[in-house]
$ cat query-v9.cif   # mmCIF, C-alpha atoms and all ligand atoms
data_input
#
loop_
_atom_site.label_atom_id
_atom_site.label_comp_id
_atom_site.auth_asym_id
_atom_site.auth_seq_id
_atom_site.Cartn_x
_atom_site.Cartn_y
_atom_site.Cartn_z
CA MET A 1 5.95 14.40 -3.04
CA ARG A 2 3.93 12.14 -5.25
CA ASN A 3 1.58 9.55 -3.77
CA SER A 4 2.92 6.84 -6.02
CA SER A 5 6.27 7.00 -4.23
CA VAL A 6 4.56 6.37 -0.87
CA ASP A 7 2.76 3.38 -2.40
CA GLN A 8 6.11 2.12 -3.62
CA ILE A 9 7.83 2.50 -0.25
CA ILE A 10 4.98 0.72 1.56
CA PHE A 11 5.10 -2.09 -0.95
CA GLU A 12 8.87 -2.46 -0.58
CA LEU A 13 8.59 -2.32 3.19
CA LEU A 14 6.01 -5.12 3.26
CA SER A 15 8.10 -7.16 0.80
CA LYS A 16 11.21 -6.82 2.91
CA GLU A 17 9.65 -7.52 6.28
CA HIS A 18 7.35 -10.25 5.01
CA ALA A 19 5.37 -9.62 8.13
CA HIS A 20 2.09 -8.29 9.33
CA LEU A 21 2.46 -4.64 10.20
CA ASN A 22 -0.26 -2.36 11.46
CA SER A 23 -0.80 1.08 9.97
CA LEU A 24 1.04 2.86 12.80
CA GLN A 25 4.09 0.60 12.41
CA ILE A 26 4.05 1.27 8.67
CA TYR A 27 3.75 5.01 9.22
CA ASN A 28 6.70 4.95 11.64
CA GLU A 29 8.83 3.01 9.15
CA ILE A 30 7.93 5.37 6.29
CA ARG A 31 8.87 8.37 8.42
CA LYS A 32 12.44 7.04 8.62
CA ILE A 33 12.60 7.33 4.83
CA LEU A 34 10.31 10.32 4.30
CA PRO A 35 10.42 12.38 7.52
CA ALA A 36 7.87 14.91 6.25
CA VAL A 37 5.26 12.33 5.25
CA ASN A 38 1.72 12.96 6.40
CA GLN A 39 -0.01 10.20 8.39
CA SER A 40 -3.18 10.51 6.30
CA THR A 41 -1.11 10.17 3.12
CA VAL A 42 0.24 6.85 4.38
CA TYR A 43 -3.24 5.64 5.39
CA ARG A 44 -4.75 6.68 2.05
CA SER A 45 -1.95 4.88 0.28
CA LEU A 46 -2.65 1.72 2.32
CA ASP A 47 -6.34 1.92 1.41
CA ARG A 48 -5.40 2.20 -2.25
CA LEU A 49 -3.06 -0.80 -2.09
CA VAL A 50 -5.80 -2.85 -0.42
CA LYS A 51 -8.38 -1.79 -3.03
CA ASN A 52 -5.97 -2.73 -5.81
CA ARG A 53 -5.53 -6.08 -4.06
CA LYS A 54 -1.78 -5.68 -3.75
CA VAL A 55 -1.93 -5.74 0.02
CA SER A 56 -4.23 -7.65 2.36
CA VAL A 57 -5.67 -6.23 5.55
CA SER A 58 -6.96 -8.35 8.40
CA ASP A 59 -7.71 -8.49 12.07
CA MET A 60 -5.40 -10.94 13.80
CA GLY A 61 -6.65 -10.19 17.28
CA THR A 62 -3.79 -7.82 18.07
CA GLY A 63 -6.05 -4.80 18.47
CA ALA A 64 -5.17 -3.20 15.14
CA SER A 65 -5.67 -4.39 11.59
CA VAL A 66 -2.48 -5.70 10.01
CA TYR A 67 -1.29 -5.32 6.46
CA GLU A 68 0.62 -7.85 4.45
CA LYS A 69 1.78 -8.00 0.86
CA ILE A 70 -0.17 -10.43 -1.32
CA THR A 71 2.27 -12.85 -2.87
CA ASP A 72 1.67 -15.34 -5.66
CA GLY A 73 -0.14 -17.77 -3.42
CA TYR A 74 -2.63 -16.69 -0.80
CA HIS A 75 -2.15 -17.90 2.73
CA HIS A 76 -4.32 -17.84 5.82
CA HIS A 77 -3.83 -18.08 9.55
CA LEU A 78 -4.96 -19.86 12.67
CA VAL A 79 -4.47 -17.65 15.72
CA CYS A 80 -4.37 -19.12 19.23
CA GLN A 81 -6.41 -16.98 21.58
CA SER A 82 -4.61 -18.41 24.57
CA CYS A 83 -0.90 -17.96 23.73
CA GLY A 84 -1.12 -15.79 20.62
CA ASN A 85 0.69 -18.33 18.45
CA VAL A 86 0.07 -17.79 14.74
CA LEU A 87 -0.04 -20.75 12.35
CA THR A 88 -0.04 -20.33 8.58
CA ILE A 89 -2.24 -22.48 6.37
CA GLU A 90 -2.07 -22.84 2.61
CA HIS A 91 -4.78 -21.55 0.33
CA GLN A 92 -5.54 -25.00 -1.09
CA ASP A 93 -7.06 -26.01 2.24
CA ILE A 94 -9.38 -22.99 2.15
CA GLU A 95 -10.08 -23.00 -1.57
CA LYS A 96 -12.69 -25.78 -1.41
CA PHE A 97 -14.46 -23.96 1.40
CA PHE A 98 -14.47 -20.71 -0.58
CA ASN A 99 -15.66 -22.51 -3.72
CA SER A 100 -18.66 -24.03 -1.98
CA ILE A 101 -19.56 -20.67 -0.42
CA GLU A 102 -19.34 -19.02 -3.82
CA THR A 103 -21.51 -21.69 -5.43
CA ASN A 104 -24.10 -21.85 -2.66
CA ASN A 105 -24.50 -18.11 -2.29
CA GLN A 106 -23.62 -16.83 -5.76
CA PHE A 107 -21.08 -14.71 -4.00
CA LYS A 108 -17.57 -13.81 -5.13
CA VAL A 109 -15.19 -14.08 -2.16
CA TYR A 110 -12.44 -11.45 -2.11
CA THR A 111 -11.01 -12.41 1.27
CA ASN A 112 -7.36 -13.17 0.63
CA HIS A 113 -6.10 -13.51 4.18
CA LEU A 114 -8.47 -15.48 6.35
CA VAL A 115 -7.86 -15.48 10.08
CA LEU A 116 -9.48 -18.13 12.26
CA PHE A 117 -9.33 -17.91 16.04
CA GLY A 118 -9.11 -20.85 18.39
CA ILE A 119 -6.84 -22.77 20.71
CA CYS A 120 -3.57 -24.36 19.53
CA LYS A 121 -2.45 -27.92 20.22
CA ASP A 122 -0.06 -26.98 23.05
CA CYS A 123 -2.70 -24.94 24.83
CA GLN A 124 -5.26 -27.74 24.46
CA ILE A 125 -2.79 -30.08 26.19
CA ASN A 126 -2.18 -27.51 28.95
CA GLU A 127 -5.92 -27.07 29.41
CA THR A 128 -6.44 -30.82 29.71
CA ASN A 129 -3.68 -31.06 32.31
CA GLY A 130 -5.31 -28.31 34.29
CA THR A 131 -2.14 -26.24 34.45
CA ASP A 132 -2.71 -22.55 34.13
CA SER A 133 0.67 -21.00 33.51
ZN ZN A 201 -0.42 -13.56 6.78
ZN ZN A 202 -1.75 -21.58 22.16
#
$ encode --input "query-v9.cif" --output "structure tokens" --more "lines below"
Ligand SMILES: [Zn+2]
Ligand SMILES: [Zn+2]
Amino acid sequence: MRNSSVDQIIFELLSKEHAHLNSLQIYNEIRKILPAVNQSTVYRSLDRLVKNRKVSVSDMGTGASVYEKITDGYHHHLVCQSCGNVLTIEHQDIEKFFNSIETNNQFKVYTNHLVLFGICKDCQINETNGTDS
């Protein structure tokens, strides 16, 4: 089995699901297609895809890093630490922030999937009302 085929399957899987999958979920999906696949082969392949900037990896507070295919436009997320709700924000909102960081620090930002943690609107309202459901 050639490694390039595992890369290809992972890439197709992430394209199809258009979701954030952790490495174990990806491994389990690949096993349905390639039952003999080695776990370390899958993990090495993920590392390679991340290095080649085809796939993003990030911590979304779910306990395991999640992988997502990088599409034409980057996107980022706001994660509610109270209810776990995930909001998606467009890159243009973050771009200015990245640009000023790059200018001020002479640093090239490679982060392509920024995750910010906080409390969503609904949970703020619930907190104000004093209801703890
Ligand atoms: Zn995402
Ligand atoms: Zn919330």
$ atom_distance --input "query-v9.cif" --atom1 "CA of Lys108 (chain A)" --atom2 "CA of Gly63 (chain A)"
27.8 Å
$ closest_residue --input "query-v9.cif" --among "A:Asn105, A:Asp59, A:Lys16, A:Leu87" --to "Glu29 (chain A)" --atoms "all atoms listed in the file"
A:Lys16
$ residues_near_ligand --input "query-v9.cif" --ligand "ligand ZN 201 (chain A)" --cutoff "8 Å" --atoms "all atoms listed in the file" --output "PyMOL selection string"
chain A and resi 19-20+68+75-77+88+113
$ residues_near_ligand --input "query-v9.cif" --ligand "ligand ZN 202 (chain A)" --cutoff "6 Å" --atoms "only C-alpha atoms and all ligand atoms" --output "list in words"
Cys80, Ser82, Cys83, Asn85, Ile119, Cys120, Asp122 and Cys123 of chain A
$ write_last_selection --input "query-v9.cif" --atoms "C-alpha atoms" --output "PDB file, in the coordinates of the input"
ATOM      1  CA  CYS A  80      -4.370 -19.120  19.230  1.00  0.00           C
ATOM      2  CA  SER A  82      -4.610 -18.410  24.570  1.00  0.00           C
ATOM      3  CA  CYS A  83      -0.900 -17.960  23.730  1.00  0.00           C
ATOM      4  CA  ASN A  85       0.690 -18.330  18.450  1.00  0.00           C
ATOM      5  CA  ILE A 119      -6.840 -22.770  20.710  1.00  0.00           C
ATOM      6  CA  CYS A 120      -3.570 -24.360  19.530  1.00  0.00           C
ATOM      7  CA  ASP A 122      -0.060 -26.980  23.050  1.00  0.00           C
ATOM      8  CA  CYS A 123      -2.700 -24.940  24.830  1.00  0.00           C
TER       9      CYS A 123
END
$ closest_residue --input "query-v9.cif" --among "A:Thr62, A:Asn129, A:Gln39, A:Asn52" --to "Tyr110 (chain A)" --atoms "all atoms listed in the file"
A:Asn52
$ axis_aligned_box --input "query-v9.cif" --around "region 72-77 of chain A" --padding-each-side "3 Å" --output "JSON"
{"center_x": -1.3, "center_y": -16.7, "center_z": 1.9, "size_x": 12.0, "size_y": 8.7, "size_z": 21.2}
$ closest_residue --input "query-v9.cif" --among "A:Lys32, A:Val86, A:Gln8, A:Asp72" --to "Phe117 (chain A)" --atoms "all atoms listed in the file"
A:Val86
$ atom_distance --input "query-v9.cif" --atom1 "CA of Ser56 (chain A)" --atom2 "CA of Lys121 (chain A)"
27.1 Å
$ closest_residue --input "query-v9.cif" --among "A:Leu34, A:Ala64, A:Leu114, A:Ile10" --to "Leu46 (chain A)" --atoms "all atoms listed in the file"
A:Ile10
$ atom_distance --input "query-v9.cif" --atom1 "CA of Gly61 (chain A)" --atom2 "CA of Val37 (chain A)"
28.2 Å
$ residues_around --input "query-v9.cif" --residues "Phe11 (chain A)" --least-positions-apart "3" --cutoff "9 Å" --atoms "only C-alpha atoms" --output "PyMOL selection string"
chain A and resi 6-8+14-16+49+54-55+69
$ closest_residue --input "query-v9.cif" --among "A:Ser65, A:Asn126, A:Asn112, A:Gln106" --to "Glu90 (chain A)" --atoms "only C-alpha atoms"
A:Asn112
$ closest_residue --input "query-v9.cif" --among "A:Thr71, A:Asn28, A:Gln81, A:Ser23" --to "Gln124 (chain A)" --atoms "only C-alpha atoms"
A:Gln81
